[in-house]
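To keep things clear, I will list the structure first and then write my remarks on it.
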Amino acid sequence: MLNLAPQDMQAIWLSAQVAAAATLLSVPFGFMVAYLLVFVRLPGKALVEGVVNLPLVLPPVVVGYLLLLLFGQSGVLGPLLQALDIRIIFTLKGAVVASAVVGFPLLVRSIRTGMEEIDERLLLASRTLGARWWDTLLTIILPLSGRAVLAGMTLMFARSLGEFGATIILAGNIPGVTQTIPLAIYEYTNTPGGDRMALSLCLVSIIISFAVLLANEAVSRKFRQRATR
Amino acid sequence: MLNLAPQDMQAIWLSAQVAAAATLLSVPFGFMVAYLLVFVRLPGKALVEGVVNLPLVLPPVVVGYLLLLLFGQSGVLGPLLQALDIRIIFTLKGAVVASAVVGFPLLVRSIRTGMEEIDERLLLASRTLGARWWDTLLTIILPLSGRAVLAGMTLMFARSLGEFGATIILAGNIPGVTQTIPLAIYEYTNTPGGDRMALSLCLVSIIISFAVLLANEAVSRKFRQRATR
Amino acid sequence: EVHLSVAASMTEAIRELDAAFTAEQPGVTMLPNFGSSGALAKQLLQGAAADIFISANPKWLSYLEKEGKITKQTVRDLAVNTLVVVGRPGVVVNSLADLAAMTRVAIGSPGSVPAGQYAEQAMRAAGVYERLAADKKLVMAQDVRQALLYAERGEVDAAFVYRTDALLAEKAVILYAVPAGLHDPITYPVGLTVAGEKNGAARAFYDFLASPAAVSILEKYGFDTPAAAAAAPGR
Amino acid sequence: MNLDVAVRKHYGGFQLDVSFRVTENRCGIFGPSGSGKSTLMHLLAGLLEPDEGVIELAGETLFDSTRRINVPPEKRRIGVVFQHSHLFPHMNVRRNLLYGWRRTPEPQRRIDPEALARVLQIDHLLERGVNSLSGGERQRVALGRTILACPRLILMDEPLSGLDEELKFQIIPYLNKVFSEFAVPLLFISHSLHEMRLMAEEVLVFEAGRMQQRLPAEELARRSLVTGSRGYANLLTLSDPRPRGDLWLYRWGGIDLVLTEPGAAGDNVFELAAKDITLFKRHPEASSARNILPCRVEGIFGVGNRIGVELACNGGRLICQIVPDSVRELDIRQGAEVVAVIKASAFHRLY
Amino acid sequence: MNLDVAVRKHYGGFQLDVSFRVTENRCGIFGPSGSGKSTLMHLLAGLLEPDEGVIELAGETLFDSTRRINVPPEKRRIGVVFQHSHLFPHMNVRRNLLYGWRRTPEPQRRIDPEALARVLQIDHLLERGVNSLSGGERQRVALGRTILACPRLILMDEPLSGLDEELKFQIIPYLNKVFSEFAVPLLFISHSLHEMRLMAEEVLVFEAGRMQQRLPAEELARRSLVTGSRGYANLLTLSDPRPRGDLWLYRWGGIDLVLTEPGAAGDNVFELAAKDITLFKRHPEASSARNILPCRVEGIFGVGNRIGVELACNGGRLICQIVPDSVRELDIRQGAEVVAVIKASAFHRLY
Ligand SMILES: Nc1ncnc2c1ncn2[C@@H]1O[C@H](COP(=O)(O)OP(=O)(O)OP(=O)(O)O)[C@@H](O)[C@H]1O
Ligand SMILES: Nc1ncnc2c1ncn2[C@@H]1O[C@H](COP(=O)(O)OP(=O)(O)OP(=O)(O)O)[C@@H](O)[C@H]1O
Ligand SMILES: [Mg+2]
Ligand SMILES: [Mg+2]
């Protein structure tokens with residue numbers, strides 16, 4: 001059933017790389033933003049949240065265009081990136097950026113939901129024991145929102161596996177270089193008799209995400225075990 | 001800045017309808033699935049979760065394609081739907097279905113994260129007070145995961161506003177009938193010089209989602225107030 | 001290295017052309033980027049690396065030309081396509097006027113899909129467009145492939161697609177070939193970008209595209225070549 | 001009540017293994033921290049599943065590992081007052097209180113919520129959210145919530161800790177009244193021997209997961225004369241206080257006792273420590289003690305250097321604690337006549 | 001310690017408004033449920049912000065509403081043992097215990113974790129997750145966690161409720177030792193007058209959000225002779241127990257007392273209820289009481305029908321509770337000579 005061409009294998013490998021990189025890179029930022037939104041009093045909070053949610057509200061293709069405007073040679077960050085000799089457009093970095101941006105709101109939302117459920121009195125207890133805010137953040141909030149972070153990561157990883165619109169604009173659809181699974185699927189649908197191959201790739205996507213899901217469950221159960229009875 | 005054509009106004013109205021309908025229709029199911037995944041012991045849980053996550057993992061276009069296979073005239077449910085005189089394809093119902101399916105994993109994940117943080121001992125307490133499982137579900141679990149449900153709804157609403165891939169396949173792009181904001185934006189961006197109009201529509205999207213976000217925050221704060229000190 | 005930005009509908013043909021070219025010139029790496037013409041154009045506009053742009057539509061190419069990204073002198077038509085109406089076997093279409101009796105007709109979205117524009121032109125010329133549009137019978141597909149998909153699944157009675165796409169169909173058949181006179185010529189223009197002009201390999205490939213070997217590959221995938229099209233009547 | 005329990009539960013290093021049958025209506029569980037008291041409650045209420053064993057209440061099998069019976073908590077109708085109140089954070093006090101009540105069929109609702117709230121002194125809190133309550137207030141709400149569910153059996157895990165004495169002695173008689181009026185049996189965990197005697201008829205003594213002893217609460221109190229740190233206390237029901245100078249005369253059986261404390265009309269329950277009774281061979285002369293009662297020795301018990309003497313004083317019975325030397329010196333043996341001297345201030349009114 | 005507090009805090013219907021200065025090293029807070037005790041602790045620890053007022057500890061301003069000073073909790077170095085333990089659920093017992101300790105600079109770590117864990121009897125639990133602990137175990141871990149943070153001031157909210165007496169009296173002397181050794185001042189909430197006397201030197205009495213009284217713990221106990229339900233108890237330090245027959249002889253100042261209870265070598269603290277002392281005009285004849293001490297009356301206090309008599313017995317001091325009639329009959333006035341009779345079993349060893 002899964003008779004994959006070598007170029008499909010490449011797409012799978014690229015997709016896994018992109019999803020993993022996008023997820024791992026986003027987690028620290030996502031955590032920070034969620035912390036900010038939940039625990040820090042600041043005036044423009046609604047605005048921050050609105051901005052974080054943007055990539056969710058806009059069609060991915062539009063997100064791709066906006067990113068293109070941002071990172072392109074004549075874009076806002078173009079000259080800076082060029083000076084640093086960093087290429088985003090038509091590279092795997094672009095795919096990672098696209099996935100990260102599109103999945104970010106999901107990550108933040110998930111972490112937030114977890115953080116909001118933390119018993120505030122534990123944070124107070126830690127502070128009376130001499131922990132500064134960053135200490136409490138690392139030793140109480142982080143572990144206690146561990147499951148929510150994991151959930152967010154799974155969500156984001158899955159989303160990255162399926163990310164198409166922003167990626168094709170920012171990273172292009174170059175087989176072997178930036179062609180991830182969704183792009184390869186797209187290409188197959190433009191090919192006579194490609195449906196079968198497209199289906200195979202879909203299955204691969206599903207299998208990968210399933211594996212990630214199971215891993216998440218396993219780790220998450222550990223977290224849970226520590227908090228029952 | 002926001003000089004919108006009448007057909008844009010239609011798209012906005014359609015989009016709002018679709019996002020609201022998709023969100024509201026999905027909530028009961030999302031809640032049930034989350035409950036199942038968190039509180040009920042059943043063997044094929046991982047499978048259920050995998051299936052729920054499918055629409056996230058697959059590119060939206062593929063999801064749309066699969067939905068077409070399901071609901072189309074020659075699809076699996078086609079004859080049934082035809083017998084009931086329900087048309088999904090090329091109607092607003094199709095757009096709702098597409099949005100609901102694509103946003104469902106986000107909704108479930110969010111509700112789950114909230115449910116997992118509920119203190120299990122409260123559930124035990126309610127049961128010793130004579131509450132059956134469904135009673136506990138309605139009187140303890142539902143209100144205590146209220147914030148998570150809200151968060152999930154916001155997420156889903158936002159996602160629906162941006163949903164493009166599955167919608168265009170299932171609902172088609174019929175101006176005034178199924179052309180939602182993302183579809184209209186897509187048209188504009190593919191027209192040389194249409195960028196300005198596309199941007200206007202993006203802004204509208206953002207404003208709507210922002211309003212929903214603020215509403216969510218307000219309601220959520222109420223929930224939170226009741227659980228502090 | 002040669003960076004190609006290619007309209008998605010030429011995917012298969014370009015892959016074979018690449019293979020043929022690299023067989024002749026080992027050492028050259030071909031990096032094709034497939035997408036919708038509009039997306040490709042925007043990428044180019046933002047300075048994405050590309051040497052050759054093959055568009056499904058002269059409009060985007062001339063847009064880039066105006067923006068100074070493509071050198072005008074290198075622009076020429078690579079291939080020509082034909083618009084056809086497809087549908088389930090058994091449906092009879094003798095002229096575009098017959099479409100008026102149908103419940104749903106899929107076309108590419110005229111705003112964004114070239115095939116849609118050609119279809120609109122043709123239908124307007126046949127005088128059926130206004131009625132279909134007023135009755136909301138037109139389904140605007142995201143691209144030609146989607147229009148074909150609807151025809152395949154029987155969701156629409158007819159769909160306007162290119163002949164090259166119709167060849168991909170399994171269930172749908174060509175019901176009617178739209179006379180070329182009813183719409184603008186369907187050409188796939190090719191052009192070298194400013195960067196591409198300086199890239200020897202890119203130039204070589206650009207030249208290769210005009211070679212008989214390339215023409216036969218294009219024809220194999222259902223495209224006409226400009227020369228052949230010029231010879232045909234009605235052009 | 002007829003509660004039959006024979007269960008075994010293993011937790012990491014801890015093992016609970018008890019088997020008993022309780023027929024008393026009010027039963028206490030006594031034991032050091034970590035001895036398995038709360039675990040037993042969870043098992044009885046169906047919140048934890050025993051590894052093996054049987055639980056039967058009033059002839060109905062609630063759990064049986066061999067027959068694979070395990071009645072779910074909500075069908076057991078066993079009320080639990082948890083060690084930590086576990087109030088529902090999203091409901092106000094009233095809704096918490098009435099949670100179980102609303103789930104009780106009308107005919108079984110035998111307790112008046114208003115009256116209960118008044119006794120627990122939470123009637124002014126009804127509309128408050130529970131997250132703003134003080135520790136003691138939470139505990140009282142939890143107590144009320146369980147009682148209002150009108151269960152067949154109530155399990156209480158230290159329901160009165162964290163309450164001041166005054167409040168405690170207002171609540172205890174009410175609970176006793178309610179529980180006996182409606183014949184609701186009670187299993188009561190406490191670290192206070194005092195509370196235990198007032199609330200329970202029989203006591204199970206736990207130690208390291210096993211039931212070490214079971215004995216009447218009265219007996220436990222007597223033993224504490226020997227082993228406990230505070231000794232035995234007599235509980236006397238005295239009636240009809242009448243003033244006499246600064247003091248009060250109470251009727252106790254056939255005689256009057258002189259007390260410093262005033263009481264309510266009718267019956268009053270007073271505590272009198274066994275150590276507060278001094279015995280004399282003959283009627284002593286001028287003493288600061290107000291009560292000088294001739295008694296007959298009915299029995300002697302106890303070990304080591306603490307001897308309990310059971311006295312019959314004109315129909316009433318008293319336990320007095322003395323040392324072995326005194327037994328010899330005063331020639332105390334069954335049937336001997338002695339004089340018991342009790343200070344008017346020795347009586348402590350409970351309710 | 002020098003703790004200056006003058007704060008006001010408004011909550012819905014409740015208003016806390018107190019102002020006091022504490023210089024004693026160990027200070028108790030006493031008051032009925034809902035009187036604002038926990039609220040005060042939260043204010044002191046910086047977990048709640050007063051509406052207005054000033055808090056100063058050892059000369060340092062921790063809070064001042066007019067100067068807009070509000071030192072954050074982690075910088076106040078005030079330890080809190082919460083009414084509900086609030087253990088960190090994701091850490092085991094050891095990591096909970098050491099949480100504050102690890103955040104204390106090396107030179108300020110003055111308490112040995114191992115020794116503390118032993119005293120609290122949680123040394124066998126160190127590797128356990130805190131969610132599997134029993135109620136009393138949790139409370140002890142919370143107590144240990146706060147003490148190990150070696151704060152400048154410790155606030156304790158009913159830290160000993162839920163523990164059995166035996167354990168309590170093992171923990172109290174240790175705490176006293178540690179707190180006085182390292183001069184860690186203590187604010188201690190309890191509903192138990194008994195605990196209060198053992199732990200605190202001075203007591204603030206709260207009622208409905210206000211400080212009703214402040215008085216030495218000793219004085220509170222004396223007043224309880226009048227108003228309380230259990231009366232005053234003498235606390236005696238007795239030394240060098242020697243066996244004598246079934247009983248034990250202890251040294252108390254210049255004289256020996258006869259007790260039923262054995263004790264440890266060196267000093268032992270015993271409790272003796274004022275009511276347990278009977279006064280006689282002359283030396284009584286054969287009595288079951290073992291201690292017959294000639295004393296001089298040093299003072300008389302009290303109101304109504306409970307009179308406290310302060311006695312000097314060969315250097316030691318005792319408070320005895322009697323009734324007014326006895327004062328007349330025995331002709332008790334300052335300087336009078338009387339005989340105090342105490343049963344050997346009347347002494348109750350605390351530690
Ligand atoms: N999941 C568990 N794993 C290991 N040990 C456990 C677990 N749950 C409880 N225990 C242990 O079982 C013992 C009994 O606990 P239980 O809560 O029944 O004690 P308890 O008698 O109620 O004590 P307390 O008076 O302190 O509340 C304790 O030592 C506790 O640490
Ligand atoms: N957020 C709030 N809103 C309204 N009232 C509150 C709030 N928080 C506390 N209170 C009230 O303030 C009073 C004092 O509470 P506090 O917790 O200080 O009492 P406490 O003396 O510690 O009592 P306990 O001995 O029962 O623990 C209580 O009556 C409580 O209900
Ligand atoms: Mg317990
Ligand atoms: Mg309190």
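So you can find residues: chains in the structure tokens are A, B, ... in the order shown, residues in each start at 1, and ligands are numbered from 1 in order.
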Using only C-alpha atoms, which residues sit within 7 Å of Gly108 in chain C once same-chain residues fewer than 5 positions away are excluded, as a list in words?
Val113, Ala115, Gly116, Met140, Ala141, Gln142, Asp143, Val144 and Ala147 of chain C
Selection as JSON, numbers by chain: residues within 6 Å of ligand 2 by only C-alpha atoms and all ligand atoms:
{"D": [132, 133, 134, 135, 136, 137], "E": [11, 12, 13, 14, 32, 33, 34, 35, 36, 37, 38, 39]}
Using only C-alpha atoms and a distance of at most 12 Å, pull out the residues of chain C that contact chain A, as an MDAnalysis selection string.
chainID C and resid 2:15 29:50 143:146 148:149 164:171 221
Could you save those same residues with N, CA and C atoms as a compact mmCIF listing (two decimals), in the first residue's frame?
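Saved file out.txt follows:
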# COMPACT_ATOMS: atom_id res chain seq x y z
N VAL C 2 19.70 25.78 -11.44
CA VAL C 2 18.71 26.60 -12.11
C VAL C 2 17.43 26.59 -11.28
N HIS C 3 17.00 27.79 -10.86
CA HIS C 3 15.76 27.90 -10.10
C HIS C 3 14.62 28.20 -11.06
N LEU C 4 13.65 27.29 -11.08
CA LEU C 4 12.50 27.48 -11.96
C LEU C 4 11.28 27.78 -11.12
N SER C 5 10.50 28.75 -11.53
CA SER C 5 9.18 28.94 -10.93
C SER C 5 8.17 28.58 -11.99
N VAL C 6 7.42 27.50 -11.71
CA VAL C 6 6.58 26.94 -12.75
C VAL C 6 5.13 26.84 -12.32
N ALA C 7 4.23 27.24 -13.19
CA ALA C 7 2.80 27.10 -12.91
C ALA C 7 2.49 25.63 -12.67
N ALA C 8 1.64 25.37 -11.67
CA ALA C 8 1.41 24.00 -11.23
C ALA C 8 0.92 23.10 -12.35
N SER C 9 0.19 23.68 -13.30
CA SER C 9 -0.38 22.82 -14.33
C SER C 9 0.67 22.25 -15.28
N MET C 10 1.89 22.75 -15.20
CA MET C 10 2.95 22.20 -16.07
C MET C 10 3.86 21.24 -15.31
N THR C 11 3.49 20.89 -14.08
CA THR C 11 4.36 20.10 -13.22
C THR C 11 4.99 18.91 -13.93
N GLU C 12 4.12 18.05 -14.47
CA GLU C 12 4.61 16.81 -15.06
C GLU C 12 5.56 17.08 -16.22
N ALA C 13 5.15 17.98 -17.09
CA ALA C 13 5.96 18.26 -18.28
C ALA C 13 7.32 18.81 -17.89
N ILE C 14 7.34 19.70 -16.93
CA ILE C 14 8.60 20.30 -16.54
C ILE C 14 9.52 19.26 -15.91
N ARG C 15 8.94 18.36 -15.12
CA ARG C 15 9.78 17.32 -14.52
C ARG C 15 10.51 16.53 -15.60
N THR C 29 21.96 21.34 -11.66
CA THR C 29 20.86 20.93 -10.80
C THR C 29 19.66 21.80 -11.11
N MET C 30 18.54 21.14 -11.35
CA MET C 30 17.33 21.86 -11.62
C MET C 30 16.50 21.93 -10.35
N LEU C 31 16.10 23.13 -9.94
CA LEU C 31 15.28 23.29 -8.73
C LEU C 31 13.96 23.93 -9.11
N PRO C 32 13.00 23.11 -9.51
CA PRO C 32 11.71 23.69 -9.89
C PRO C 32 10.87 24.00 -8.65
N ASN C 33 10.10 25.07 -8.74
CA ASN C 33 9.19 25.44 -7.67
C ASN C 33 7.81 25.55 -8.30
N PHE C 34 6.90 24.64 -7.85
CA PHE C 34 5.58 24.60 -8.47
C PHE C 34 4.55 25.31 -7.62
N GLY C 35 3.76 26.13 -8.26
CA GLY C 35 2.71 26.81 -7.51
C GLY C 35 1.77 27.49 -8.46
N SER C 36 0.80 28.23 -7.89
CA SER C 36 -0.10 28.97 -8.77
C SER C 36 0.66 30.19 -9.30
N SER C 37 0.33 30.59 -10.48
CA SER C 37 1.08 31.67 -11.12
C SER C 37 1.13 32.91 -10.25
N GLY C 38 -0.01 33.22 -9.60
CA GLY C 38 -0.07 34.41 -8.76
C GLY C 38 0.91 34.33 -7.61
N ALA C 39 0.93 33.18 -6.94
CA ALA C 39 1.82 33.01 -5.80
C ALA C 39 3.27 33.12 -6.24
N LEU C 40 3.55 32.48 -7.36
CA LEU C 40 4.93 32.51 -7.86
C LEU C 40 5.36 33.94 -8.16
N ALA C 41 4.45 34.69 -8.76
CA ALA C 41 4.76 36.06 -9.11
C ALA C 41 5.07 36.88 -7.86
N LYS C 42 4.26 36.67 -6.82
CA LYS C 42 4.48 37.43 -5.59
C LYS C 42 5.83 37.08 -4.97
N GLN C 43 6.16 35.79 -5.03
CA GLN C 43 7.46 35.38 -4.50
C GLN C 43 8.58 36.08 -5.23
N LEU C 44 8.46 36.08 -6.56
CA LEU C 44 9.49 36.73 -7.38
C LEU C 44 9.59 38.20 -7.02
N LEU C 45 8.43 38.80 -6.82
CA LEU C 45 8.37 40.22 -6.51
C LEU C 45 9.11 40.51 -5.21
N GLN C 46 9.05 39.55 -4.27
CA GLN C 46 9.72 39.75 -2.99
C GLN C 46 11.17 39.27 -3.02
N GLY C 47 11.67 39.05 -4.23
CA GLY C 47 13.09 38.74 -4.35
C GLY C 47 13.44 37.30 -4.12
N ALA C 48 12.47 36.41 -4.28
CA ALA C 48 12.78 35.00 -4.15
C ALA C 48 13.72 34.58 -5.27
N ALA C 49 14.56 33.59 -4.98
CA ALA C 49 15.53 33.14 -5.99
C ALA C 49 14.81 32.43 -7.13
N ALA C 50 14.92 32.93 -8.33
CA ALA C 50 14.33 32.27 -9.49
C ALA C 50 15.06 32.78 -10.73
N ASP C 143 -8.79 26.30 -8.46
CA ASP C 143 -7.92 26.10 -9.63
C ASP C 143 -8.60 25.10 -10.56
N VAL C 144 -7.96 24.85 -11.66
CA VAL C 144 -8.55 23.98 -12.66
C VAL C 144 -8.75 22.57 -12.14
N ARG C 145 -7.79 22.14 -11.33
CA ARG C 145 -7.87 20.79 -10.80
C ARG C 145 -9.15 20.58 -10.00
N GLN C 146 -9.51 21.65 -9.28
CA GLN C 146 -10.70 21.53 -8.44
C GLN C 146 -11.96 21.46 -9.29
N LEU C 148 -12.10 20.23 -12.18
CA LEU C 148 -12.11 18.89 -12.73
C LEU C 148 -12.63 17.88 -11.71
N LEU C 149 -12.19 18.08 -10.47
CA LEU C 149 -12.60 17.19 -9.39
C LEU C 149 -14.12 17.16 -9.28
N THR C 164 -5.08 19.63 -21.18
CA THR C 164 -4.04 18.88 -20.46
C THR C 164 -4.58 18.31 -19.17
N ASP C 165 -5.45 19.07 -18.49
CA ASP C 165 -6.03 18.57 -17.24
C ASP C 165 -7.04 17.48 -17.51
N ALA C 166 -7.79 17.66 -18.58
CA ALA C 166 -8.83 16.68 -18.91
C ALA C 166 -8.22 15.30 -19.09
N LEU C 167 -6.97 15.27 -19.52
CA LEU C 167 -6.32 13.97 -19.71
C LEU C 167 -6.12 13.23 -18.39
N LEU C 168 -6.13 13.99 -17.27
CA LEU C 168 -5.96 13.35 -15.96
C LEU C 168 -7.23 12.66 -15.49
N ALA C 169 -8.34 13.03 -16.14
CA ALA C 169 -9.63 12.56 -15.62
C ALA C 169 -9.79 11.07 -15.78
N GLU C 170 -10.48 10.49 -14.83
CA GLU C 170 -10.76 9.06 -14.90
C GLU C 170 -12.21 8.81 -15.28
N LYS C 171 -13.09 9.56 -14.65
CA LYS C 171 -14.51 9.31 -14.90
C LYS C 171 -15.08 10.33 -15.89
N TYR C 221 2.41 15.80 -23.24
CA TYR C 221 1.53 16.11 -22.12
C TYR C 221 0.31 16.94 -22.52
Could you pull the residues within 12 Å of Tyr250 in chain E, counting only C-alpha atoms, minus those fewer than 2 positions along the same chain, as a PyMOL selection string?
chain E and resi 236-244+247-248+252-270+291+344+347
For range 144-154 of chain D, work out the shell of residues within 10 Å, counting only C-alpha atoms and skipping chain neighbours fewer than 6 positions away, then give it as a PyMOL selection string.
(chain B and resi 125+128-130) or (chain D and resi 1+3+25-26+41+44-45+57-58+76-82+85+87+93-105+108-113+116-117+119-120+122+138+175+178-179+182-188)
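Residue nearest chain D, chosen from A:Ala16, A:Pro143, A:Asp119, A:Phe164 and counting only C-alpha atoms: A:Asp119.
From CA of Ile185 in chain B back to CA of Ala11 in chain B, the distance works out to 9.6 Å.
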Taking only C-alpha atoms into account, what are the residues of chain B at most 12 Å from chain D, put as an NGL selection string?
:B and (118-136 or 139-147 or 222-229)
